[in-house]
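S.K.: This is upload_36.csv, which holds CSV, C-alpha atoms:
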```csv
chain,number,residue,atom,x,y,z
A,20,ALA,CA,0.0,0.0,0.0
A,21,GLN,CA,1.2,3.5,-0.7
A,22,SER,CA,2.1,5.8,2.1
A,23,VAL,CA,3.3,9.4,2.6
A,24,THR,CA,5.6,10.7,5.3
A,25,GLN,CA,6.1,14.4,6.2
A,26,PRO,CA,8.8,14.2,8.8
A,27,ASP,CA,8.3,17.8,10.1
A,28,ILE,CA,5.1,18.4,12.0
A,29,HIS,CA,5.9,22.1,12.7
A,30,ILE,CA,8.3,24.5,11.0
A,31,THR,CA,8.9,28.1,11.8
A,32,VAL,CA,10.7,30.4,9.4
A,33,SER,CA,11.3,34.1,9.3
A,34,GLU,CA,9.6,36.2,6.7
A,35,GLY,CA,11.8,36.5,3.6
A,36,ALA,CA,13.7,33.3,4.4
A,37,SER,CA,13.7,30.3,2.2
A,38,LEU,CA,11.5,27.2,2.9
A,39,GLU,CA,11.8,23.5,2.2
A,40,LEU,CA,9.1,21.1,3.4
A,41,ARG,CA,10.0,17.4,3.1
A,42,CYS,CA,7.8,14.6,1.7
A,43,ASN,CA,8.7,11.0,1.3
A,44,TYR,CA,6.4,8.5,-0.3
A,45,SER,CA,6.2,4.7,-0.7
A,46,TYR,CA,4.8,3.5,-3.9
A,47,GLY,CA,5.6,0.7,-6.3
A,48,ALA,CA,5.4,2.6,-9.6
A,49,THR,CA,5.7,6.2,-10.6
A,50,PRO,CA,3.2,8.0,-8.5
A,51,TYR,CA,1.1,11.0,-9.0
A,52,LEU,CA,2.3,13.5,-6.4
A,53,PHE,CA,0.6,16.6,-5.1
A,54,TRP,CA,1.1,19.4,-2.6
A,55,TYR,CA,-1.9,21.0,-1.0
A,56,VAL,CA,-2.2,23.9,1.4
A,57,GLN,CA,-4.9,24.4,4.0
A,58,SER,CA,-5.6,27.7,5.8
A,59,PRO,CA,-7.5,27.6,9.1
A,60,GLY,CA,-11.2,26.9,8.5
A,61,GLN,CA,-10.6,26.3,4.8
A,62,GLY,CA,-10.5,23.3,2.4
A,63,LEU,CA,-7.4,22.3,0.6
A,64,GLN,CA,-5.9,24.2,-2.3
A,65,LEU,CA,-3.7,22.6,-4.9
A,66,LEU,CA,-0.2,24.1,-5.0
A,67,LEU,CA,1.3,21.9,-7.6
A,68,LYS,CA,1.4,18.4,-9.0
A,69,TYR,CA,3.7,15.9,-10.7
A,70,PHE,CA,2.7,13.2,-13.1
A,71,SER,CA,5.6,12.7,-15.4
A,72,GLY,CA,8.3,14.5,-17.3
A,73,ASP,CA,10.3,17.4,-15.9
A,74,THR,CA,11.1,16.5,-12.3
A,75,LEU,CA,11.1,20.2,-11.2
A,76,VAL,CA,7.5,21.5,-11.2
A,77,GLN,CA,6.3,25.0,-10.6
A,78,GLY,CA,3.2,25.8,-8.8
A,79,ILE,CA,1.1,28.7,-7.6
A,80,LYS,CA,2.2,31.4,-5.1
A,81,GLY,CA,5.9,30.9,-6.0
A,82,PHE,CA,6.2,27.3,-4.9
A,83,GLU,CA,8.1,24.6,-6.6
A,84,ALA,CA,8.8,21.0,-5.9
A,85,GLU,CA,11.3,18.4,-7.1
A,86,PHE,CA,10.6,14.8,-7.7
A,87,LYS,CA,13.6,12.6,-6.8
A,88,ARG,CA,12.9,8.9,-7.6
A,89,SER,CA,16.1,7.7,-6.1
A,90,GLN,CA,15.1,9.2,-2.7
A,91,SER,CA,11.4,8.7,-3.0
A,92,SER,CA,11.0,12.3,-2.2
A,93,PHE,CA,8.9,15.3,-3.4
A,94,ASN,CA,10.1,18.3,-1.4
A,95,LEU,CA,8.3,21.6,-1.6
A,96,ARG,CA,10.4,24.8,-1.8
A,97,LYS,CA,9.9,28.5,-1.8
A,98,PRO,CA,12.8,31.0,-2.1
A,99,SER,CA,11.2,33.7,0.1
A,100,VAL,CA,8.4,33.1,2.5
A,101,HIS,CA,5.6,35.7,3.0
A,102,TRP,CA,3.6,36.0,6.2
A,103,SER,CA,0.5,34.9,4.3
A,104,ASP,CA,2.2,31.5,3.6
A,105,ALA,CA,1.5,30.5,7.2
A,106,ALA,CA,-0.8,27.4,6.9
A,107,GLU,CA,-0.7,23.7,6.9
A,108,TYR,CA,0.8,21.9,4.0
A,109,PHE,CA,0.0,18.4,2.9
A,110,CYS,CA,1.8,16.1,0.5
A,111,ALA,CA,-0.3,13.5,-1.2
A,112,VAL,CA,0.2,10.6,-3.6
A,113,GLY,CA,-2.3,9.2,-6.1
A,114,ASP,CA,-2.5,5.9,-7.8
A,115,SER,CA,-3.2,5.7,-11.5
A,116,ASN,CA,-5.3,2.6,-10.9
A,117,ALA,CA,-7.4,4.1,-8.1
A,118,GLY,CA,-9.2,7.0,-9.7
A,119,ASN,CA,-8.8,10.2,-7.8
A,120,MET,CA,-8.1,8.6,-4.4
A,121,LEU,CA,-5.3,10.4,-2.6
A,122,THR,CA,-3.2,9.2,0.3
A,123,PHE,CA,-2.1,12.2,2.4
A,124,GLY,CA,0.9,12.7,4.6
A,125,GLY,CA,0.3,14.0,8.2
A,126,GLY,CA,0.9,17.6,7.2
A,127,THR,CA,3.4,20.2,8.2
A,128,ARG,CA,2.3,23.4,10.0
A,129,LEU,CA,4.2,26.4,8.8
A,130,MET,CA,4.6,29.4,11.1
A,131,VAL,CA,6.1,32.6,9.8
A,132,LYS,CA,7.9,35.0,12.1
A,133,PRO,CA,7.9,38.7,11.2
B,2,LYS,CA,-17.4,29.7,-11.7
B,3,ALA,CA,-18.7,28.5,-8.4
B,4,GLY,CA,-16.5,26.3,-6.3
B,5,VAL,CA,-17.4,23.1,-4.4
B,6,THR,CA,-20.1,23.8,-1.8
B,7,GLN,CA,-20.8,21.7,1.2
B,8,THR,CA,-23.8,21.9,3.5
B,9,PRO,CA,-24.1,22.3,6.4
B,10,ARG,CA,-20.8,23.9,7.4
B,11,TYR,CA,-21.3,22.9,11.1
B,12,LEU,CA,-23.2,20.2,12.7
B,13,ILE,CA,-23.6,19.0,16.2
B,14,LYS,CA,-25.1,15.5,16.9
B,15,THR,CA,-25.2,13.1,19.8
B,16,ARG,CA,-24.0,9.5,19.9
B,17,GLY,CA,-26.3,7.0,18.2
B,18,GLN,CA,-27.8,9.5,15.8
B,19,GLN,CA,-27.3,9.6,12.1
B,20,VAL,CA,-26.2,12.4,9.9
B,21,THR,CA,-26.3,13.3,6.2
B,22,LEU,CA,-23.8,15.7,4.6
B,23,SER,CA,-24.1,17.2,1.2
B,24,CYS,CA,-21.6,18.2,-1.5
B,25,SER,CA,-22.3,20.1,-4.7
B,26,PRO,CA,-19.4,19.7,-7.1
B,27,ILE,CA,-18.2,22.3,-9.6
B,28,SER,CA,-20.4,22.4,-12.7
B,29,GLY,CA,-19.3,19.8,-15.2
B,30,HIS,CA,-17.4,17.7,-12.7
B,31,ARG,CA,-18.6,14.1,-12.5
B,32,SER,CA,-16.3,12.8,-9.8
B,33,VAL,CA,-16.9,13.5,-6.1
B,34,SER,CA,-14.6,12.1,-3.4
B,35,TRP,CA,-15.0,12.3,0.4
B,36,TYR,CA,-12.3,12.6,3.0
B,37,GLN,CA,-12.4,12.6,6.8
B,38,GLN,CA,-9.9,14.9,8.6
B,39,THR,CA,-9.1,14.4,12.3
B,40,PRO,CA,-6.2,15.6,14.4
B,41,GLY,CA,-5.2,12.0,15.2
B,42,GLN,CA,-5.7,10.3,11.9
B,43,GLY,CA,-5.1,13.1,9.5
B,44,LEU,CA,-6.8,13.1,6.1
B,45,GLN,CA,-8.3,9.8,5.2
B,46,PHE,CA,-10.1,8.8,2.0
B,47,LEU,CA,-13.7,7.6,2.5
B,48,PHE,CA,-15.0,7.0,-1.0
B,49,GLU,CA,-15.3,8.3,-4.6
B,50,TYR,CA,-18.3,8.5,-6.8
B,51,PHE,CA,-18.3,8.9,-10.6
B,52,SER,CA,-21.5,8.9,-12.7
B,53,GLU,CA,-23.6,7.7,-9.7
B,54,THR,CA,-21.4,4.7,-9.1
B,55,GLN,CA,-19.0,4.2,-6.2
B,56,ARG,CA,-15.6,3.7,-7.8
B,57,ASN,CA,-13.3,3.5,-4.8
B,58,LYS,CA,-13.7,3.0,-1.1
B,59,GLY,CA,-11.4,3.6,1.8
B,60,ASN,CA,-11.1,1.6,5.0
B,61,PHE,CA,-14.1,2.7,7.0
B,62,PRO,CA,-16.9,0.8,8.6
B,63,GLY,CA,-20.2,0.2,6.9
B,64,ARG,CA,-21.7,3.0,9.0
B,65,PHE,CA,-20.2,5.3,6.5
B,66,SER,CA,-22.1,5.3,3.2
B,67,GLY,CA,-22.6,7.7,0.3
B,68,ARG,CA,-24.4,8.2,-3.0
B,69,GLN,CA,-24.3,10.4,-6.0
B,70,PHE,CA,-27.2,11.8,-7.9
B,71,SER,CA,-27.6,12.3,-11.7
B,72,ASN,CA,-26.7,16.0,-11.3
B,73,SER,CA,-23.4,14.8,-9.7
B,74,ARG,CA,-24.3,16.1,-6.3
B,75,SER,CA,-23.3,13.7,-3.6
B,76,GLU,CA,-24.3,12.9,0.0
B,77,MET,CA,-22.6,10.9,2.6
B,78,ASN,CA,-24.3,9.4,5.6
B,79,VAL,CA,-23.0,8.2,8.9
B,80,SER,CA,-25.3,6.1,11.0
B,81,THR,CA,-25.0,5.3,14.7
B,82,LEU,CA,-22.6,8.1,15.3
B,83,GLU,CA,-19.7,7.6,17.7
B,84,LEU,CA,-17.6,10.2,19.4
B,85,GLY,CA,-14.7,9.3,17.1
B,86,ASP,CA,-16.7,10.4,14.1
B,87,SER,CA,-16.1,14.0,15.1
B,88,ALA,CA,-14.1,15.4,12.3
B,89,LEU,CA,-14.0,17.8,9.3
B,90,TYR,CA,-15.5,16.1,6.3
B,91,LEU,CA,-14.2,17.3,3.0
B,92,CYS,CA,-15.4,16.7,-0.4
B,93,ALA,CA,-13.5,17.2,-3.6
B,94,SER,CA,-14.7,17.2,-7.2
B,95,SER,CA,-12.9,16.7,-10.5
B,96,LYS,CA,-13.8,16.3,-14.1
B,97,GLY,CA,-12.6,12.8,-14.7
B,98,LEU,CA,-11.5,9.7,-13.0
B,99,ALA,CA,-8.0,9.4,-14.3
B,100,GLY,CA,-6.2,10.6,-11.2
B,101,GLU,CA,-4.5,13.3,-13.3
B,102,SER,CA,-7.5,15.5,-13.0
B,103,GLU,CA,-7.2,18.4,-10.6
B,104,GLN,CA,-9.4,17.9,-7.6
B,105,PHE,CA,-11.0,21.0,-6.0
B,106,PHE,CA,-11.9,20.8,-2.4
B,107,GLY,CA,-14.9,22.3,-0.6
B,108,PRO,CA,-14.6,24.1,2.7
B,109,GLY,CA,-15.8,21.1,4.7
B,110,THR,CA,-18.5,20.2,7.2
B,111,ARG,CA,-17.4,20.3,10.8
B,112,LEU,CA,-19.2,17.5,12.6
B,113,THR,CA,-19.2,17.4,16.4
B,114,VAL,CA,-20.5,14.3,18.1
B,115,LEU,CA,-21.4,14.7,21.8
```
Please lay out the structure from this file as structure tokens.
M.R.:
Amino acid sequence: AQSVTQPDIHITVSEGASLELRCNYSYGATPYLFWYVQSPGQGLQLLLKYFSGDTLVQGIKGFEAEFKRSQSSFNLRKPSVHWSDAAEYFCAVGDSNAGNMLTFGGGTRLMVKP
Amino acid sequence: KAGVTQTPRYLIKTRGQQVTLSCSPISGHRSVSWYQQTPGQGLQFLFEYFSETQRNKGNFPGRFSGRQFSNSRSEMNVSTLELGDSALYLCASSKGLAGESEQFFGPGTRLTVL
């Protein structure tokens, strides 16, 4: 069965600093990979996705992620964090044989210091 | 274009009761998925419906059921509520079933079981 691990439960960065959120997955084939963001009281918003091709994917709000098959990782990065980026971030994996079902990691809560 | 809507947004029930939650997908979307989000278990897939048929099901007891109507609106029902059913229930819609389709999440229904 597929699984997703986000090793960092909480991360605090200063505004303007760079950010990297870690995600490791377990899946037999090439997975569909996603990063979502959830603000308090809100649903999930898709930041970016990887299906195939270029392993560096660009998303919304200045985020990017890199798929590394050898490390089973799909880390999310942003060069300069804004206070409005404070939220919870979820990495998810999809299975091409299971419709739109997603398996989510436990999430990383990002706090931004002024 | 209107997003995914979920009703009601908040619900309080007592143990043993049953509850029905509703999800209206984005116009033109035929797939609706449901997820349960709790602090302890995180985001877990419940089931997915496409063209009125359940296509995938997560590992939840039979007390959790759902259906989809011809207009793609979906409902989920939880019978004989338990305290552990307190959660944020999210639904997501997408155009297709391929897994590559972007899923759009609603704001969720916050269910509290007393």
S.K.: Output as number ranges by chain the set of chain A residues within 10 Å of chain B, with distances taken over only C-alpha atoms.
M.R.: A: 51-53, 57, 60-65, 67-70, 109, 111-126
S.K.: Determine, counting all atoms listed in the file, every residue of protein, DNA or RNA that lies within 10 Å of (-17.1, 17.5, 12.4) in the file coordinates, then give the result as a short mmCIF file (atom, residue, chain, number, x, y, z; two decimals) with C-alpha atoms, keeping the file's coordinate frame.
M.R.:
```cif
data_model
loop_
_atom_site.label_atom_id
_atom_site.label_comp_id
_atom_site.auth_asym_id
_atom_site.auth_seq_id
_atom_site.Cartn_x
_atom_site.Cartn_y
_atom_site.Cartn_z
CA ARG B 10 -20.80 23.90 7.40
CA TYR B 11 -21.30 22.90 11.10
CA LEU B 12 -23.20 20.20 12.70
CA ILE B 13 -23.60 19.00 16.20
CA LYS B 14 -25.10 15.50 16.90
CA GLN B 37 -12.40 12.60 6.80
CA GLN B 38 -9.90 14.90 8.60
CA THR B 39 -9.10 14.40 12.30
CA GLY B 85 -14.70 9.30 17.10
CA ASP B 86 -16.70 10.40 14.10
CA SER B 87 -16.10 14.00 15.10
CA ALA B 88 -14.10 15.40 12.30
CA LEU B 89 -14.00 17.80 9.30
CA TYR B 90 -15.50 16.10 6.30
CA LEU B 91 -14.20 17.30 3.00
CA GLY B 109 -15.80 21.10 4.70
CA THR B 110 -18.50 20.20 7.20
CA ARG B 111 -17.40 20.30 10.80
CA LEU B 112 -19.20 17.50 12.60
CA THR B 113 -19.20 17.40 16.40
CA VAL B 114 -20.50 14.30 18.10
#
```
S.K.: Please, what distance in Å, to one decimal, runs between CA of Thr81 in chain B and CA of Leu22 in chain B?
M.R.: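 Answer for the CA of Thr81 in chain B to CA of Leu22 in chain B separation: 14.5 Å.
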S.K.: Just give me the gap between CA of Ala106 in chain A and CA of Ile79 in chain A in Å, one decimal is fine.
M.R.: 14.7 Å
S.K.: Enter the distance from CA of Phe65 in chain B to CA of Cys110 in chain A, in Å, rounded to one decimal.
M.R.: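 Straight-line distance from CA of Phe65 in chain B to CA of Cys110 in chain A works out to 25.2 Å.
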